[in-house]
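Colleague: Once you've had a glance at the structure underneath, I'll fire off some questions.
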Amino acid sequence: MASSGALRQAVPLVASGALCIGGGSLLVGEFQRELPEPCQVVAAHLEHPDVSRQLGFVAAPWSIRLWHGHVGDHFARVSFPLFAPRVPFPDSLPWLRIIWRRSTVHAALSRGLTGEWEIVSLLEDDGVARDGAAGAPTPRRTDDIIAAETGRSVRTSD
């Protein structure tokens, strides 16, 4: 009986350890994969010092790897959560740094006539509008973005 009780207590520990190791190996594999070409274009754009100055912070380089969205043959719509290190107690604990989400960048890219990816639009969402700020515009899909995604022409009003 005592051995079955010890086994019963060890099973959750072994299972959680296996899940942590498996998840860690998937994370390492994902972080070593090459980014899609549109994501590389946006990453190069975000690394430019002028863009960092406009954002007001330098994003952690690994935050680009957390992209999500859709990449097609001629159009891509991707979002990047941007994280930055923060020192919460600079006087007492200057070595302590925490990572916090500063903003999200939404990008729309299209493949130009030369085959190179070009940024069509770049929008920073710092999260103010989702907190219910009065009168804050919400990002929406415009006709030109929908036309680029579907390969159709933009309808004109007569």
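Lettering and numbering for the structure tokens are positional, with chains as A, B, ... in the shown order, residues counted from 1 in each chain, and ligands counted from 1 in the shown order.
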DSSP on the backbone: what in region 27-128 of chain A comes out alpha helix (DSSP H), as a PyMOL selection string?
Modeller: chain A and resi 27-32+37-46+49-55
Colleague: Keeping N, CA, C and O atoms for every residue in the selection just given, could you write it to a file as a PDB file, in the first residue's frame?
Modeller:
```
ATOM      1  N   LEU A  27       9.342  25.387 -27.628  1.00  0.00           N
ATOM      2  CA  LEU A  27       9.664  26.813 -27.595  1.00  0.00           C
ATOM      3  C   LEU A  27      11.028  27.082 -28.226  1.00  0.00           C
ATOM      4  O   LEU A  27      11.173  27.997 -29.036  1.00  0.00           O
ATOM      5  N   VAL A  28      12.017  26.279 -27.879  1.00  0.00           N
ATOM      6  CA  VAL A  28      13.353  26.440 -28.449  1.00  0.00           C
ATOM      7  C   VAL A  28      13.311  26.219 -29.954  1.00  0.00           C
ATOM      8  O   VAL A  28      13.905  26.987 -30.725  1.00  0.00           O
ATOM      9  N   GLY A  29      12.594  25.206 -30.404  1.00  0.00           N
ATOM     10  CA  GLY A  29      12.475  24.947 -31.838  1.00  0.00           C
ATOM     11  C   GLY A  29      11.807  26.085 -32.579  1.00  0.00           C
ATOM     12  O   GLY A  29      12.215  26.461 -33.679  1.00  0.00           O
ATOM     13  N   GLU A  30      10.773  26.660 -31.973  1.00  0.00           N
ATOM     14  CA  GLU A  30      10.057  27.774 -32.610  1.00  0.00           C
ATOM     15  C   GLU A  30      10.925  29.027 -32.676  1.00  0.00           C
ATOM     16  O   GLU A  30      10.894  29.763 -33.656  1.00  0.00           O
ATOM     17  N   PHE A  31      11.698  29.275 -31.638  1.00  0.00           N
ATOM     18  CA  PHE A  31      12.545  30.460 -31.622  1.00  0.00           C
ATOM     19  C   PHE A  31      13.739  30.334 -32.559  1.00  0.00           C
ATOM     20  O   PHE A  31      14.370  31.320 -32.899  1.00  0.00           O
ATOM     21  N   GLN A  32      14.083  29.115 -32.981  1.00  0.00           N
ATOM     22  CA  GLN A  32      15.199  28.930 -33.901  1.00  0.00           C
ATOM     23  C   GLN A  32      14.749  28.883 -35.362  1.00  0.00           C
ATOM     24  O   GLN A  32      15.580  28.934 -36.249  1.00  0.00           O
ATOM     25  N   GLU A  37       9.360  35.910 -44.735  1.00  0.00           N
ATOM     26  CA  GLU A  37       9.962  37.096 -45.337  1.00  0.00           C
ATOM     27  C   GLU A  37       9.243  38.400 -44.964  1.00  0.00           C
ATOM     28  O   GLU A  37       9.902  39.393 -44.659  1.00  0.00           O
ATOM     29  N   PRO A  38       7.895  38.456 -44.941  1.00  0.00           N
ATOM     30  CA  PRO A  38       7.249  39.708 -44.526  1.00  0.00           C
ATOM     31  C   PRO A  38       7.590  40.091 -43.080  1.00  0.00           C
ATOM     32  O   PRO A  38       7.761  41.272 -42.774  1.00  0.00           O
ATOM     33  N   CYS A  39       7.720  39.101 -42.216  1.00  0.00           N
ATOM     34  CA  CYS A  39       8.084  39.389 -40.823  1.00  0.00           C
ATOM     35  C   CYS A  39       9.515  39.918 -40.735  1.00  0.00           C
ATOM     36  O   CYS A  39       9.815  40.779 -39.904  1.00  0.00           O
ATOM     37  N   GLN A  40      10.390  39.427 -41.596  1.00  0.00           N
ATOM     38  CA  GLN A  40      11.758  39.927 -41.628  1.00  0.00           C
ATOM     39  C   GLN A  40      11.797  41.388 -42.060  1.00  0.00           C
ATOM     40  O   GLN A  40      12.590  42.174 -41.539  1.00  0.00           O
ATOM     41  N   VAL A  41      10.922  41.758 -43.002  1.00  0.00           N
ATOM     42  CA  VAL A  41      10.855  43.150 -43.459  1.00  0.00           C
ATOM     43  C   VAL A  41      10.411  44.057 -42.315  1.00  0.00           C
ATOM     44  O   VAL A  41      11.003  45.113 -42.069  1.00  0.00           O
ATOM     45  N   VAL A  42       9.384  43.649 -41.591  1.00  0.00           N
ATOM     46  CA  VAL A  42       8.898  44.457 -40.463  1.00  0.00           C
ATOM     47  C   VAL A  42       9.941  44.502 -39.350  1.00  0.00           C
ATOM     48  O   VAL A  42      10.168  45.549 -38.743  1.00  0.00           O
ATOM     49  N   ALA A  43      10.609  43.382 -39.091  1.00  0.00           N
ATOM     50  CA  ALA A  43      11.645  43.353 -38.050  1.00  0.00           C
ATOM     51  C   ALA A  43      12.774  44.312 -38.387  1.00  0.00           C
ATOM     52  O   ALA A  43      13.257  45.047 -37.515  1.00  0.00           O
ATOM     53  N   ALA A  44      13.196  44.345 -39.651  1.00  0.00           N
ATOM     54  CA  ALA A  44      14.246  45.279 -40.059  1.00  0.00           C
ATOM     55  C   ALA A  44      13.775  46.717 -39.910  1.00  0.00           C
ATOM     56  O   ALA A  44      14.546  47.604 -39.503  1.00  0.00           O
ATOM     57  N   HIS A  45      12.511  46.955 -40.201  1.00  0.00           N
ATOM     58  CA  HIS A  45      11.953  48.304 -40.061  1.00  0.00           C
ATOM     59  C   HIS A  45      11.909  48.724 -38.589  1.00  0.00           C
ATOM     60  O   HIS A  45      12.226  49.871 -38.258  1.00  0.00           O
ATOM     61  N   LEU A  46      11.523  47.799 -37.708  1.00  0.00           N
ATOM     62  CA  LEU A  46      11.426  48.128 -36.286  1.00  0.00           C
ATOM     63  C   LEU A  46      12.793  48.317 -35.628  1.00  0.00           C
ATOM     64  O   LEU A  46      12.900  48.975 -34.600  1.00  0.00           O
ATOM     65  N   PRO A  49      16.707  53.037 -35.848  1.00  0.00           N
ATOM     66  CA  PRO A  49      16.697  53.946 -34.694  1.00  0.00           C
ATOM     67  C   PRO A  49      15.568  54.978 -34.726  1.00  0.00           C
ATOM     68  O   PRO A  49      15.034  55.339 -33.674  1.00  0.00           O
ATOM     69  N   ASP A  50      15.179  55.441 -35.903  1.00  0.00           N
ATOM     70  CA  ASP A  50      14.086  56.419 -35.985  1.00  0.00           C
ATOM     71  C   ASP A  50      12.767  55.810 -35.521  1.00  0.00           C
ATOM     72  O   ASP A  50      11.962  56.470 -34.856  1.00  0.00           O
ATOM     73  N   VAL A  51      12.540  54.551 -35.864  1.00  0.00           N
ATOM     74  CA  VAL A  51      11.301  53.885 -35.447  1.00  0.00           C
ATOM     75  C   VAL A  51      11.313  53.672 -33.936  1.00  0.00           C
ATOM     76  O   VAL A  51      10.297  53.888 -33.266  1.00  0.00           O
ATOM     77  N   SER A  52      12.439  53.273 -33.381  1.00  0.00           N
ATOM     78  CA  SER A  52      12.545  53.109 -31.926  1.00  0.00           C
ATOM     79  C   SER A  52      12.291  54.426 -31.213  1.00  0.00           C
ATOM     80  O   SER A  52      11.660  54.467 -30.162  1.00  0.00           O
ATOM     81  N   ARG A  53      12.776  55.503 -31.806  1.00  0.00           N
ATOM     82  CA  ARG A  53      12.561  56.824 -31.211  1.00  0.00           C
ATOM     83  C   ARG A  53      11.076  57.195 -31.257  1.00  0.00           C
ATOM     84  O   ARG A  53      10.538  57.756 -30.317  1.00  0.00           O
ATOM     85  N   GLN A  54      10.405  56.862 -32.360  1.00  0.00           N
ATOM     86  CA  GLN A  54       8.967  57.149 -32.464  1.00  0.00           C
ATOM     87  C   GLN A  54       8.156  56.299 -31.488  1.00  0.00           C
ATOM     88  O   GLN A  54       7.173  56.773 -30.918  1.00  0.00           O
ATOM     89  N   LEU A  55       8.568  55.045 -31.323  1.00  0.00           N
ATOM     90  CA  LEU A  55       7.872  54.173 -30.376  1.00  0.00           C
ATOM     91  C   LEU A  55       8.088  54.626 -28.938  1.00  0.00           C
ATOM     92  O   LEU A  55       7.241  54.443 -28.082  1.00  0.00           O
TER      93      LEU A  55
END
```
Colleague: So that I can see what lies close to region 75-79 of chain A, please list as a list in words the residues with an atom at most 8 Å from it, counting only C-alpha atoms and leaving out residues fewer than 4 positions away in the same chain.
Modeller: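 Once the nearby chain positions are removed, what remains is Pro38, Cys39, Trp67, His68, Gly69, His70, Val71, Thr104, Val105, His106, Ala107, Ala108, Leu109, Ser110, Arg111, Ala148 and Glu149 of chain A.
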Colleague: So which residues touch Ala84 (chain A) within 10 Å, counting only C-alpha atoms, skipping near sequence neighbours fewer than 6 positions away, as a PyMOL selection string?
Modeller: chain A and resi 57-61+63+97-103
Colleague: Could you pull out all residues of region 74-120 of chain A with a DSSP call of strand (DSSP E or B) and give them as a ChimeraX atom specification?
Modeller: /A:75-86,98-111,117-120
Colleague: In Å, rounded to a single decimal, give me how far CA of Trp62 (chain A) is from CA of Ser121 (chain A).
Modeller: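 Atom-to-atom, CA of Ser121 (chain A) and CA of Trp62 (chain A) are spaced 22.2 Å apart.
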Colleague: Looking at A:Val87, A:Ile64, A:Leu96, A:Leu82, which one is nearest to Glu124 (chain A), with distances taken over only C-alpha atoms?
Modeller: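 Comparing A:Val87, A:Ile64, A:Leu96, A:Leu82 against Glu124 (chain A), the winner is A:Leu82.
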